Amino acid sequence: MAKAAVVETTDQSPVQRLTSGPQRLMQFFKDTRQEMTKVHTPSRAEVQATTIVVIIAVFLFAAYFELVDLTVGKGVDQVILYLTKH
């Protein structure tokens with residue numbers, strides 16, 4: 001189970017909160033820089049491979065949905081013709 005983030009609430013006066021702003025901002029920038037070192041930029045080959053997989057998947061899904069649409073459409077047409085003839 002994931003741990004919930006604990007937020008400490010301290011009763012700071014508005015002056016204390018205002019003066020701690022620059023420190024909090026600098027800590028934010030330090031944390032951001034640290035997290036950015038963990039970012040992995042994919043190589044050109046990785047991008048090409050995943051793009052090809054996505055394009056193939058899109059075409060396969062499009063063909064599948066076209067087939068389902070034609071089948072259901074013909075079925076609905078047959079039901080409508082059957083019901084209107086009686």
# chains A, B, ... in the order shown; residues from 1 in each chain; ligands from 1
call {"tool": "select_by_dssp", "arguments": {"residues": "chain A", "states": "alpha helix (DSSP H)", "output": "VMD selection string"}}
result
chain A and resid 14 to 19 21 to 36 44 to 85
